[in-house]
$ cat my_file_16.csv   # CSV, C-alpha atoms and all ligand atoms
chain,number,residue,atom,x,y,z
G,1,MET,CA,118.3,105.7,173.8
G,2,ILE,CA,116.8,104.8,170.4
G,3,SER,CA,115.1,107.3,168.1
G,4,ILE,CA,114.0,106.6,164.6
G,5,LYS,CA,112.1,108.8,162.2
G,6,ASN,CA,110.3,107.9,159.0
G,7,LEU,CA,112.4,104.7,158.4
G,8,HIS,CA,111.9,103.0,155.1
G,9,LYS,CA,113.4,99.8,153.8
G,10,SER,CA,112.9,97.9,150.6
G,11,TYR,CA,114.4,94.7,149.3
G,12,LYS,CA,115.3,94.4,145.7
G,13,ILE,CA,114.3,91.1,144.2
G,14,GLY,CA,115.4,90.9,140.6
G,15,ASP,CA,113.7,93.8,138.8
G,16,SER,CA,111.0,94.3,141.5
G,17,SER,CA,111.3,95.7,144.9
G,18,LEU,CA,109.5,94.8,148.2
G,19,HIS,CA,108.7,97.7,150.4
G,20,VAL,CA,109.0,96.2,153.9
G,21,LEU,CA,109.2,99.2,156.3
G,22,LYS,CA,107.0,102.0,155.3
G,23,GLY,CA,107.8,105.0,157.5
G,24,ILE,CA,108.5,103.8,161.1
G,25,ASP,CA,108.7,106.3,163.9
G,26,LEU,CA,109.8,104.9,167.3
G,27,ASN,CA,111.4,106.3,170.4
G,28,ILE,CA,112.7,104.0,173.1
G,29,LYS,CA,114.1,105.4,176.4
G,30,LYS,CA,116.8,104.0,178.5
G,31,GLY,CA,115.6,101.2,180.7
G,32,GLU,CA,112.6,100.2,178.6
G,33,LEU,CA,111.6,96.6,177.9
G,34,VAL,CA,109.8,96.7,174.6
G,35,ALA,CA,108.2,93.9,172.6
G,36,ILE,CA,108.0,94.3,168.8
G,37,MET,CA,105.0,92.2,167.7
G,38,GLY,CA,103.6,91.3,164.4
G,39,SER,CA,102.8,88.3,162.2
G,40,SER,CA,105.5,86.5,160.2
G,41,GLY,CA,106.7,88.7,157.3
G,42,SER,CA,105.6,92.0,159.0
G,43,GLY,CA,109.1,93.3,159.0
G,44,LYS,CA,110.1,92.7,162.6
G,45,SER,CA,113.5,91.2,161.9
G,46,THR,CA,114.2,93.9,159.2
G,47,LEU,CA,113.5,96.6,161.8
G,48,LEU,CA,115.7,94.8,164.4
G,49,ASN,CA,118.5,94.3,162.0
G,50,ILE,CA,118.5,98.0,161.2
G,51,LEU,CA,118.4,98.9,164.9
G,52,GLY,CA,121.3,96.5,165.4
G,53,MET,CA,123.3,98.1,162.6
G,54,LEU,CA,123.4,94.8,160.7
G,55,ASP,CA,121.6,96.4,157.8
G,56,LEU,CA,120.9,100.0,156.6
G,57,ALA,CA,117.6,101.8,156.1
G,58,ASP,CA,116.9,103.3,152.6
G,59,GLU,CA,115.4,106.4,154.1
G,60,GLY,CA,114.9,108.0,157.6
G,61,GLU,CA,116.9,108.9,160.6
G,62,TYR,CA,118.3,106.6,163.3
G,63,LEU,CA,119.8,107.9,166.5
G,64,LEU,CA,121.4,105.4,168.9
G,65,ASP,CA,122.4,107.0,172.2
G,66,ASN,CA,122.4,110.3,170.5
G,67,VAL,CA,124.7,109.1,167.7
G,68,LEU,CA,123.4,109.5,164.2
G,69,ILE,CA,123.8,106.1,162.5
G,70,GLU,CA,124.4,107.1,158.9
G,71,GLY,CA,127.2,107.0,156.4
G,72,LEU,CA,129.6,105.2,158.9
G,73,THR,CA,132.5,103.2,157.6
G,74,GLU,CA,132.3,99.4,158.1
G,75,THR,CA,135.0,99.7,160.9
G,76,THR,CA,133.2,102.5,162.8
G,77,ALA,CA,129.9,100.6,162.4
G,78,ALA,CA,131.5,97.4,163.8
G,79,ASN,CA,132.9,99.4,166.7
G,80,TYR,CA,129.6,100.9,167.6
G,81,ARG,CA,127.9,97.5,167.2
G,82,ASN,CA,130.4,95.9,169.7
G,83,LYS,CA,130.1,98.8,172.1
G,84,PHE,CA,126.4,99.6,172.0
G,85,LEU,CA,124.6,96.4,171.1
G,86,GLY,CA,124.1,92.8,172.3
G,87,PHE,CA,122.3,90.3,170.2
G,88,ILE,CA,120.2,87.3,171.2
G,89,PHE,CA,118.8,85.1,168.4
G,90,GLN,CA,116.2,82.4,168.1
G,91,SER,CA,118.8,79.8,167.2
G,92,PHE,CA,121.2,80.9,169.9
G,93,ASN,CA,124.2,81.2,167.4
G,94,LEU,CA,126.7,79.7,169.8
G,95,ILE,CA,129.9,78.4,168.5
G,96,ASN,CA,129.6,74.6,168.7
G,97,TYR,CA,133.3,73.7,169.3
G,98,LYS,CA,133.7,76.3,172.1
G,99,ASN,CA,132.4,75.7,175.6
G,100,ALA,CA,130.0,77.9,177.4
G,101,LEU,CA,132.7,80.0,179.0
G,102,GLU,CA,134.6,80.5,175.7
G,103,ASN,CA,131.4,81.5,174.0
G,104,VAL,CA,130.7,84.2,176.6
G,105,ALA,CA,134.3,85.3,176.5
G,106,LEU,CA,134.4,85.8,172.8
G,107,PRO,CA,133.1,89.4,172.6
G,108,LEU,CA,135.6,90.3,175.3
G,109,TYR,CA,138.4,89.0,173.0
G,110,TYR,CA,137.1,91.4,170.3
G,111,GLN,CA,137.2,94.2,172.8
G,112,GLY,CA,140.9,93.5,173.3
G,113,LEU,CA,140.8,92.3,176.9
G,114,GLY,CA,143.5,89.9,178.2
G,115,ARG,CA,142.8,86.2,178.7
G,116,LYS,CA,142.6,86.2,182.5
G,117,ILE,CA,140.2,89.1,182.7
G,118,ARG,CA,138.1,87.6,179.9
G,119,GLN,CA,137.7,84.3,181.9
G,120,VAL,CA,136.8,86.1,185.1
G,121,LYS,CA,134.2,88.3,183.5
G,122,ALA,CA,132.8,85.5,181.4
G,123,LEU,CA,132.4,83.3,184.5
G,124,GLY,CA,130.7,86.2,186.3
G,125,TYR,CA,128.1,86.5,183.5
G,126,LEU,CA,127.6,82.7,183.4
G,127,GLU,CA,126.9,82.9,187.2
G,128,LYS,CA,124.4,85.7,186.6
G,129,VAL,CA,122.4,83.4,184.3
G,130,GLY,CA,122.7,80.5,186.7
G,131,LEU,CA,125.2,78.4,184.6
G,132,LYS,CA,128.5,78.7,186.5
G,133,ASP,CA,128.7,75.0,186.9
G,134,TRP,CA,128.2,74.5,183.2
G,135,ALA,CA,131.2,76.6,182.1
G,136,THR,CA,133.2,73.8,180.5
G,137,HIS,CA,130.2,72.2,178.7
G,138,LEU,CA,129.9,72.4,174.9
G,139,PRO,CA,126.6,73.7,173.5
G,140,SER,CA,125.7,70.2,172.4
G,141,GLU,CA,125.7,69.2,176.1
G,142,LEU,CA,123.2,71.9,177.0
G,143,SER,CA,119.4,72.1,176.8
G,144,GLY,CA,117.7,74.8,174.6
G,145,GLY,CA,117.0,77.0,177.6
G,146,GLN,CA,120.6,76.7,178.8
G,147,LYS,CA,122.0,77.5,175.4
G,148,GLN,CA,119.8,80.6,175.3
G,149,ARG,CA,121.0,81.6,178.8
G,150,VAL,CA,124.6,81.2,177.6
G,151,ALA,CA,123.7,83.4,174.6
G,152,ILE,CA,122.2,86.0,177.0
G,153,ALA,CA,125.4,85.9,179.1
G,154,ARG,CA,127.4,86.5,175.9
G,155,ALA,CA,125.2,89.4,174.8
G,156,MET,CA,125.7,90.9,178.3
G,157,ALA,CA,129.5,90.4,178.4
G,158,SER,CA,130.4,93.4,176.3
G,159,GLU,CA,128.2,95.6,178.5
G,160,PRO,CA,126.0,96.9,175.7
G,161,LYS,CA,123.7,99.8,176.1
G,162,VAL,CA,120.9,97.9,174.3
G,163,LEU,CA,120.0,94.2,174.1
G,164,LEU,CA,118.2,93.1,170.9
G,165,ALA,CA,116.5,89.8,170.9
G,166,ASP,CA,114.9,88.3,167.8
G,167,GLU,CA,112.4,85.6,168.8
G,168,PRO,CA,114.6,84.6,171.7
G,169,THR,CA,112.0,82.0,172.8
G,170,GLY,CA,111.1,80.8,169.3
G,171,ALA,CA,112.9,77.5,169.7
G,172,LEU,CA,111.9,76.8,173.3
G,173,ASP,CA,108.9,75.1,175.0
G,174,SER,CA,106.5,77.4,176.9
G,175,LYS,CA,107.9,76.7,180.4
G,176,THR,CA,111.5,77.3,179.2
G,177,SER,CA,110.3,80.4,177.3
G,178,THR,CA,108.9,81.8,180.5
G,179,GLU,CA,112.2,81.2,182.3
G,180,VAL,CA,114.2,82.9,179.6
G,181,MET,CA,111.8,85.9,179.7
G,182,SER,CA,112.1,86.0,183.5
G,183,LEU,CA,115.9,86.3,183.0
G,184,ILE,CA,115.4,89.1,180.4
G,185,GLN,CA,113.0,90.9,182.9
G,186,GLN,CA,115.6,90.6,185.6
G,187,ILE,CA,118.4,92.1,183.4
G,188,ASN,CA,116.0,94.9,182.4
G,189,SER,CA,115.2,95.6,186.1
G,190,GLU,CA,118.9,96.3,186.6
G,191,GLY,CA,118.6,99.1,184.0
G,192,LYS,CA,119.3,97.5,180.6
G,193,THR,CA,117.3,98.7,177.6
G,194,ILE,CA,115.9,95.6,175.9
G,195,LEU,CA,113.9,95.0,172.7
G,196,VAL,CA,112.3,91.6,172.2
G,197,VAL,CA,110.9,90.6,168.8
G,198,THR,CA,108.1,88.0,169.1
G,199,HIS,CA,104.9,86.9,167.6
G,200,GLU,CA,103.6,85.4,170.8
G,201,LEU,CA,101.3,87.5,173.0
G,202,ASP,CA,102.4,85.6,176.2
G,203,ILE,CA,106.0,86.6,175.6
G,204,ALA,CA,105.0,90.2,174.7
G,205,ASN,CA,103.0,90.5,177.9
G,206,MET,CA,106.2,89.9,179.9
G,207,CYS,CA,107.6,93.1,178.5
G,208,LYS,CA,106.6,96.6,179.6
G,209,ARG,CA,105.5,98.0,176.3
G,210,ILE,CA,104.2,96.4,173.1
G,211,VAL,CA,104.7,97.9,169.7
G,212,LYS,CA,102.7,96.2,166.9
G,213,LEU,CA,103.9,96.1,163.3
G,214,LYS,CA,101.6,95.4,160.5
G,215,ASP,CA,102.5,95.6,156.8
G,216,GLY,CA,105.5,97.7,157.5
G,217,VAL,CA,103.9,100.3,159.8
G,218,ILE,CA,103.3,100.6,163.5
G,219,VAL,CA,99.6,100.1,164.2
G,220,ASP,CA,99.7,100.0,168.0
G,221,ASP,CA,102.0,101.1,170.8
G,222,GLN,CA,100.9,100.5,174.3
G,223,LYS,CA,102.1,99.9,177.8
G,224,VAL,CA,101.5,96.3,178.9
G,225,ASP,CA,99.6,97.2,182.1
G,226,GLN,CA,97.2,99.2,179.9
G,227,VAL,CA,96.7,96.3,177.5
G,228,ILE,CA,96.1,93.9,180.4
G,229,ALA,CA,93.7,96.3,182.1
G,230,GLU,CA,91.7,96.8,178.9
G,231,ASN,CA,91.4,93.1,178.5
G,232,HIS,CA,89.9,92.8,181.9
G,233,VAL,CA,87.2,95.4,181.4
N,301,LIG,P1,109.4,89.1,160.2
N,301,LIG,O1,110.7,89.1,161.0
N,301,LIG,O2,108.4,90.0,160.8
N,301,LIG,O3,108.9,87.7,160.0
N,301,LIG,P2,111.1,90.0,158.1
N,301,LIG,O4,111.6,91.4,158.5
N,301,LIG,O5,112.1,88.9,158.2
N,301,LIG,O6,109.7,89.7,158.8
N,301,LIG,O7,110.6,90.1,156.5
N,301,LIG,C1,109.7,91.0,156.0
N,301,LIG,C2,109.6,90.8,154.5
N,301,LIG,O8,110.8,91.0,153.9
N,301,LIG,C3,109.2,89.3,154.2
N,301,LIG,O9,108.3,89.3,153.1
N,301,LIG,C4,110.5,88.7,153.8
N,301,LIG,O10,110.3,87.6,152.9
N,301,LIG,C5,111.2,89.9,153.2
N,301,LIG,N1,112.7,89.8,153.3
N,301,LIG,C6,113.4,89.8,154.5
N,301,LIG,N2,114.7,89.7,154.3
N,301,LIG,C7,114.9,89.8,152.9
N,301,LIG,C8,116.0,89.8,152.1
N,301,LIG,N3,117.3,89.8,152.6
N,301,LIG,N4,115.8,89.9,150.8
N,301,LIG,C9,114.6,89.9,150.2
N,301,LIG,N5,113.4,89.9,151.0
N,301,LIG,C10,113.6,89.8,152.3
N,302,MG,MG,111.8,87.5,161.9
$ encode --input "my_file_16.csv" --output "structure tokens"
Amino acid sequence: MISIKNLHKSYKIGDSSLHVLKGIDLNIKKGELVAIMGSSGSGKSTLLNILGMLDLADEGEYLLDNVLIEGLTETTAANYRNKFLGFIFQSFNLINYKNALENVALPLYYQGLGRKIRQVKALGYLEKVGLKDWATHLPSELSGGQKQRVAIARAMASEPKVLLADEPTGALDSKTSTEVMSLIQQINSEGKTILVVTHELDIANMCKRIVKLKDGVIVDDQKVDQVIAENHV
């Protein structure tokens, strides 16, 4: 589903340049649930933003569902982004003056679907995340966990091939974090490919595979059952 080779990214800051990703190779198959771990500043968001086509690498190759992501016009990139990718952020990024249903329906509007079908689909996704009864509530009337579940429903609504979550539990208490991760596990068990950026081991352990980033390179890449088994030796 995702294949990257020798990915490099630097940020220009004035006259100097900060080399953040220093040759990343990563393959992710359909149906995987992968945690990208690493301390703050290790380049996790930079990598996720490139995978999400929100930013471009300086060097290297990126194939998303066998499509080479390179030299695309902004329109084509936006189309791929809408079709292939769903985003979940630490701060939810819901639109405050739209209710839960309208937030979930928004990507469907950009896909050009009619109003009625948007409402039906959006309500279906809200039901999937257990928030059907909260459809007409504004984000300000929802708890953090509920807001993140609305954001997950919104990310699912456009039926993306890959869900990208950047610290999805970063603003939640540990009990709510576990609930949100359980929902992510459930969505994954239905076949969705999901990447979760986190710096918390508890969260990473709820994924199936953990990729560790340090100083812009991958230093570890293991299946979670192996990691847990080793820790019990
Ligand atoms: P993480 O998500 O692992 O905390 P990031 O990918 O956000 O790390 O950042 C990696 C490094 O790149 C950090 O040192 C950060 O300050 C720097 N950085 C991130 N985004 C930018 C940017 N747009 N311009 C300049 N430096 C940036
Ligand atoms: Mg980050």
$ closest_residue --input "my_file_16.csv" --among "G:Thr75, G:Thr198, G:Gln111, G:Thr176" --to "Gly41 of chain G" --atoms "only C-alpha atoms"
G:Thr198
$ residues_near_ligand --input "my_file_16.csv" --ligand "ligand LIG 301 (chain N)" --cutoff "9 Å" --atoms "all atoms listed in the file" --output "VMD selection string"
chain G and resid 10 to 13 17 to 21 37 to 49 166 to 167 197 to 199 213 to 216
$ closest_residue --input "my_file_16.csv" --among "G:Ile210, G:Leu56, G:Leu106, G:Val217" --to "Leu72 of chain G" --atoms "only C-alpha atoms"
G:Leu56
$ closest_residue --input "my_file_16.csv" --among "G:Thr193, G:Asn103, G:Asn66, G:Asn93" --to "Ile28 of chain G" --atoms "only C-alpha atoms"
G:Thr193
$ closest_residue --input "my_file_16.csv" --among "G:Ser140, G:Asn82, G:Gln226, G:Ser91" --to "ligand MG 302 (chain N)" --atoms "only C-alpha atoms and all ligand atoms"
G:Ser91
$ closest_residue --input "my_file_16.csv" --among "G:Trp134, G:Tyr80, G:Tyr110, G:Phe89" --to "ligand MG 302 (chain N)" --atoms "all atoms listed in the file"
G:Phe89
$ closest_residue --input "my_file_16.csv" --among "G:Val120, G:Gln90, G:Ala35, G:Val224" --to "ligand MG 302 (chain N)" --atoms "only C-alpha atoms and all ligand atoms"
G:Gln90
$ residues_around --input "my_file_16.csv" --residues "Val180 of chain G" --least-positions-apart "4" --cutoff "7 Å" --atoms "only C-alpha atoms" --output "list in words"
Gly145, Arg149, Thr176 and Ile184 of chain G
$ atom_distance --input "my_file_16.csv" --atom1 "atom CA of Gly144 of chain G" --atom2 "atom CA of Ala171 of chain G"
7.4 Å
$ atom_distance --input "my_file_16.csv" --atom1 "atom CA of Ile69 of chain G" --atom2 "atom CA of Met156 of chain G"
22.0 Å
$ atom_distance --input "my_file_16.csv" --atom1 "atom CA of Lys22 of chain G" --atom2 "atom CA of His8 of chain G"
5.0 Å
$ build_atoms --input "my_file_16.csv" --residues "segment 170-185 of chain G" --atoms "N, CA, C and O atoms" --output "CSV table (one decimal), in the frame of the given file"
chain,number,residue,atom,x,y,z
G,170,GLY,N,111.7,81.5,170.4
G,170,GLY,CA,111.1,80.8,169.3
G,170,GLY,C,111.3,79.4,169.2
G,170,GLY,O,110.6,78.6,168.6
G,171,ALA,N,112.5,78.9,169.8
G,171,ALA,CA,112.9,77.5,169.7
G,171,ALA,C,112.7,76.8,171.0
G,171,ALA,O,113.2,75.7,171.2
G,172,LEU,N,112.0,77.4,171.9
G,172,LEU,CA,111.9,76.8,173.3
G,172,LEU,C,110.4,76.5,173.6
G,172,LEU,O,109.5,77.1,173.1
G,173,ASP,N,110.3,75.5,174.5
G,173,ASP,CA,108.9,75.1,175.0
G,173,ASP,C,108.4,76.3,175.9
G,173,ASP,O,109.2,77.1,176.3
G,174,SER,N,107.1,76.2,176.2
G,174,SER,CA,106.5,77.4,176.9
G,174,SER,C,107.1,77.6,178.3
G,174,SER,O,107.3,78.7,178.7
G,175,LYS,N,107.4,76.5,179.0
G,175,LYS,CA,107.9,76.7,180.4
G,175,LYS,C,109.3,77.3,180.3
G,175,LYS,O,109.7,78.3,181.0
G,176,THR,N,110.2,76.8,179.4
G,176,THR,CA,111.5,77.3,179.2
G,176,THR,C,111.5,78.8,178.7
G,176,THR,O,112.3,79.6,179.1
G,177,SER,N,110.5,79.0,177.8
G,177,SER,CA,110.3,80.4,177.3
G,177,SER,C,110.1,81.4,178.5
G,177,SER,O,110.6,82.5,178.5
G,178,THR,N,109.2,81.0,179.4
G,178,THR,CA,108.9,81.8,180.5
G,178,THR,C,110.1,82.1,181.4
G,178,THR,O,110.4,83.2,181.8
G,179,GLU,N,111.0,81.0,181.6
G,179,GLU,CA,112.2,81.2,182.3
G,179,GLU,C,113.2,82.1,181.7
G,179,GLU,O,113.8,83.0,182.3
G,180,VAL,N,113.3,82.0,180.4
G,180,VAL,CA,114.2,82.9,179.6
G,180,VAL,C,113.7,84.3,179.7
G,180,VAL,O,114.5,85.3,179.9
G,181,MET,N,112.4,84.5,179.6
G,181,MET,CA,111.8,85.9,179.7
G,181,MET,C,112.0,86.4,181.1
G,181,MET,O,112.2,87.6,181.2
G,182,SER,N,111.9,85.6,182.1
G,182,SER,CA,112.1,86.0,183.5
G,182,SER,C,113.5,86.6,183.6
G,182,SER,O,113.8,87.6,184.3
G,183,LEU,N,114.5,85.9,183.0
G,183,LEU,CA,115.9,86.3,183.0
G,183,LEU,C,116.0,87.7,182.3
G,183,LEU,O,116.7,88.6,182.8
G,184,ILE,N,115.3,87.8,181.2
G,184,ILE,CA,115.4,89.1,180.4
G,184,ILE,C,114.7,90.2,181.3
G,184,ILE,O,115.3,91.3,181.4
G,185,GLN,N,113.6,89.9,182.0
G,185,GLN,CA,113.0,90.9,182.9
G,185,GLN,C,114.0,91.3,184.0
G,185,GLN,O,114.1,92.5,184.4
